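Here the structure comes first, spelled out in structure tokens, and everything after it is commentary.
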Amino acid sequence: MNAFTELLVVFLSIALVNNLVFTKFLGTCPYLGVSKRIDMAGGMGLAVTFVLTLSTTMTWLINRMVLGPLGLDFTKYIAFILVIASMVQLVEMYVRKFYPSLYQSFGIFLPLITTNCAILGTCLFVDLWGYDLPKAVIAGFGGGLGFALAITIMAGIRERLDLADVPRPMQGPAITLVTAGILTLAFMGFAGMVR
Amino acid sequence: MSTVSRSMPGRGADAGFVQTAGTGEGRFAEPAAASAPEVAADPVPAAVSAIAGQSEAFGLLIRGLWAENPVFRGLLGMCPTLAVTAAVQPALTMGLSVVFVLICSNLMVSLMRNALTPHLRILMFTLTIAIFVTIADLFLRAYVPDMSAVLGPYVPLIIVNCIIIARAEACASKKGLFASALDGLGSGLGFTIAVILLATIREILADGSWFGVRVLPSWWVPWTAMKLPVGAFFTLGFMLATIIWWNSRKRARAAASA
């Protein structure tokens, strides 16, 4: 397998087959909370993709270049969360200053992202799987797109659910969780596409 | 000191703490001047005083267990709730780790609550939590390596568990040490109860066993789906629906008898 195919496999694997939300349960809180309208879900997905790509790259570099050689592996989690928090802060300031229109569309979601477990979770999984740098970047990008896909589909379904006649106790979070369960079943169809 | 706090009842959890301090449990007693303005600025919710009766701090403990259970009522900490509940044993390990981190971080945040500045607040919470999560993770890796391997990255993911940040923000950054510790214990145990309930249903249906011990007869056909993510989402969804249905029935009965 040449390098390009390998990267493609990593991308498809994390975006569809091992989707962060459906198989790893990462980012379930915003997935259930924010996914009420398609445009908001899209903004959130975009913001997550952006930050996730940057932070998997940064945490990979810091983990392999700084913490590993210095034998500071036990500070990994503290370093990761610091990197993510400062990354989010920097991205927010940069986007607000230079791309005001982009900030309008997804900037409001940026502060929420620090505590989105999809970010820290992907960084930790990339470390666990022992990816090299190109794979780590692709995994971050693919994971973000997978999250965006999941949250947008969910928002679409929930907009329809508003019109449906749901039994009273099932209204709200319960029906959302059951819907998410059916969606994971749908995504299981991708299993076996790549290992 | 205790007479003063008794003369102004219902002034938040610090009042309850000072009361116990007067009866000899006040090892963590702080200068009254430091906590006085916060005590005054913190009106007590009516629900707490109804449940707690005498002590606000114990009210916080009880409240976290069921009435304000972080999972069933707050829908917080969904990621570990769904991810580690395929069997009871990892769920219990996860629950106890969360209890440990929650108590320690609540104590720490409560200690530094007067030094927190608004825009650095969340960062300080996260760093505090990260330190205790590192301790918990190293401990699990050293003493229960099998469980640590099963849980994998979900132990470090406690850092971004919204329950802990929510408790730091809502309680520990406003209240005294004693109240914060009990609040952490209550919410942590509430989370543990929730994950164990969920894991019990899933493990019994998926494997016919509970805590690794076989409980269903051998003709039981295992529901493999219960082990998969779909089982997690379905079980939690139907549990939430059951709780809502139960509560509404109770309310309807109370209204009928009144």
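Residues in the structure tokens are named by chain (A, B, ... in the order shown) and by number from 1 within that chain; ligands are numbered from 1 in the order shown.
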Long-range neighbours of Ala186 of chain A as an NGL selection string, 12 Å cut-off, only C-alpha atoms, 6 positions minimum in chain: (:A and (16-17 or 19 or 22-23 or 150 or 153 or 179-180)) or (:B and (229-230))
Filtering to C-alpha atoms, could you give me those residues as a PDB file, in the first residue's frame?
ATOM      1  CA  LEU A  16     -17.058   6.810   8.740  1.00  0.00           C
ATOM      2  CA  VAL A  17     -16.142   3.379  10.078  1.00  0.00           C
ATOM      3  CA  ASN A  19     -16.871   7.659  13.622  1.00  0.00           C
ATOM      4  CA  PHE A  22     -21.051   6.636  16.899  1.00  0.00           C
ATOM      5  CA  THR A  23     -18.337   4.222  17.957  1.00  0.00           C
ATOM      6  CA  ALA A 150     -22.936  13.081  12.596  1.00  0.00           C
ATOM      7  CA  ILE A 153     -27.551  14.387  10.216  1.00  0.00           C
ATOM      8  CA  THR A 179     -32.509   8.227  17.287  1.00  0.00           C
ATOM      9  CA  ALA A 180     -28.762   8.305  17.889  1.00  0.00           C
TER      10      ALA A 180
ATOM     11  CA  PRO B 229     -22.864   1.428  20.877  1.00  0.00           C
ATOM     12  CA  VAL B 230     -26.483   1.016  19.821  1.00  0.00           C
TER      13      VAL B 230
END
Interface, chain B side, toward chain A (10 Å; only C-alpha atoms) as number ranges by chain: B: 72, 75-84, 122-123, 126-135, 137-138, 152-154, 156-162, 165, 225, 228-248
Test item: residues at most 12 Å from Cys171 of chain B, only C-alpha atoms, excluding those fewer than 6 positions along its chain, as a VMD selection string: chain B and resid 12 to 14 38 42 44 57 60 to 61 64 102 to 103 105 to 107 109 to 110 113 163 to 165 177 to 184 186 to 187
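Distance check against Val150 of chain B using only C-alpha atoms: of B:Leu198, B:Ala91, B:Gly188, B:Ala255, the minimum falls on B:Ala91.
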Closest of A:Ile138, A:Leu145, A:Ile84, A:Val10 to Gly45 of chain A - atom-to-atom distances counting only C-alpha atoms: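 The shortest atom-to-atom distance to Gly45 of chain A comes from A:Leu145.
Within 8 Å of Glu203 of chain B, once only C-alpha atoms are used and residues closer than 5 positions along the same chain are dropped, the contacting residues are Ala86, Ala87, Val88, Gly208, Ser209, Trp210, Met226 and Lys227 of chain B.
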Could you write out the selected residues, including N, CA and C atoms, as a PDB file, in the first residue's frame?
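Once written, selection-v6.pdb looks like this:
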ATOM      1  N   ALA B  86     -20.485  -1.162  29.117  1.00  0.00           N
ATOM      2  CA  ALA B  86     -20.772  -2.464  28.513  1.00  0.00           C
ATOM      3  C   ALA B  86     -20.742  -3.559  29.578  1.00  0.00           C
ATOM      4  N   ALA B  87     -20.030  -3.340  30.695  1.00  0.00           N
ATOM      5  CA  ALA B  87     -19.997  -4.293  31.797  1.00  0.00           C
ATOM      6  C   ALA B  87     -19.914  -3.520  33.107  1.00  0.00           C
ATOM      7  N   VAL B  88     -20.259  -4.179  34.222  1.00  0.00           N
ATOM      8  CA  VAL B  88     -20.361  -3.472  35.493  1.00  0.00           C
ATOM      9  C   VAL B  88     -18.985  -3.100  36.045  1.00  0.00           C
ATOM     10  N   GLY B 208     -25.542 -12.251  30.015  1.00  0.00           N
ATOM     11  CA  GLY B 208     -26.213 -13.078  31.010  1.00  0.00           C
ATOM     12  C   GLY B 208     -25.464 -13.120  32.313  1.00  0.00           C
ATOM     13  N   SER B 209     -24.581 -12.143  32.539  1.00  0.00           N
ATOM     14  CA  SER B 209     -23.797 -12.164  33.784  1.00  0.00           C
ATOM     15  C   SER B 209     -23.828 -10.784  34.429  1.00  0.00           C
ATOM     16  N   TRP B 210     -23.463 -10.759  35.716  1.00  0.00           N
ATOM     17  CA  TRP B 210     -23.376  -9.485  36.418  1.00  0.00           C
ATOM     18  C   TRP B 210     -22.083  -9.468  37.216  1.00  0.00           C
ATOM     19  N   MET B 226     -26.470  -5.301  22.718  1.00  0.00           N
ATOM     20  CA  MET B 226     -26.342  -4.533  23.956  1.00  0.00           C
ATOM     21  C   MET B 226     -24.903  -4.140  24.235  1.00  0.00           C
ATOM     22  N   LYS B 227     -23.957  -4.908  23.691  1.00  0.00           N
ATOM     23  CA  LYS B 227     -22.540  -4.592  23.893  1.00  0.00           C
ATOM     24  C   LYS B 227     -22.094  -3.477  22.963  1.00  0.00           C
TER      25      LYS B 227
END
Sel. of strand (DSSP E or B) residues, segment 133-215 of chain B, as a list in words: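 Reading the DSSP output for segment 133-215 of chain B, strand (DSSP E or B) covers Ser209, Trp210, Val213 and Arg214 of chain B.
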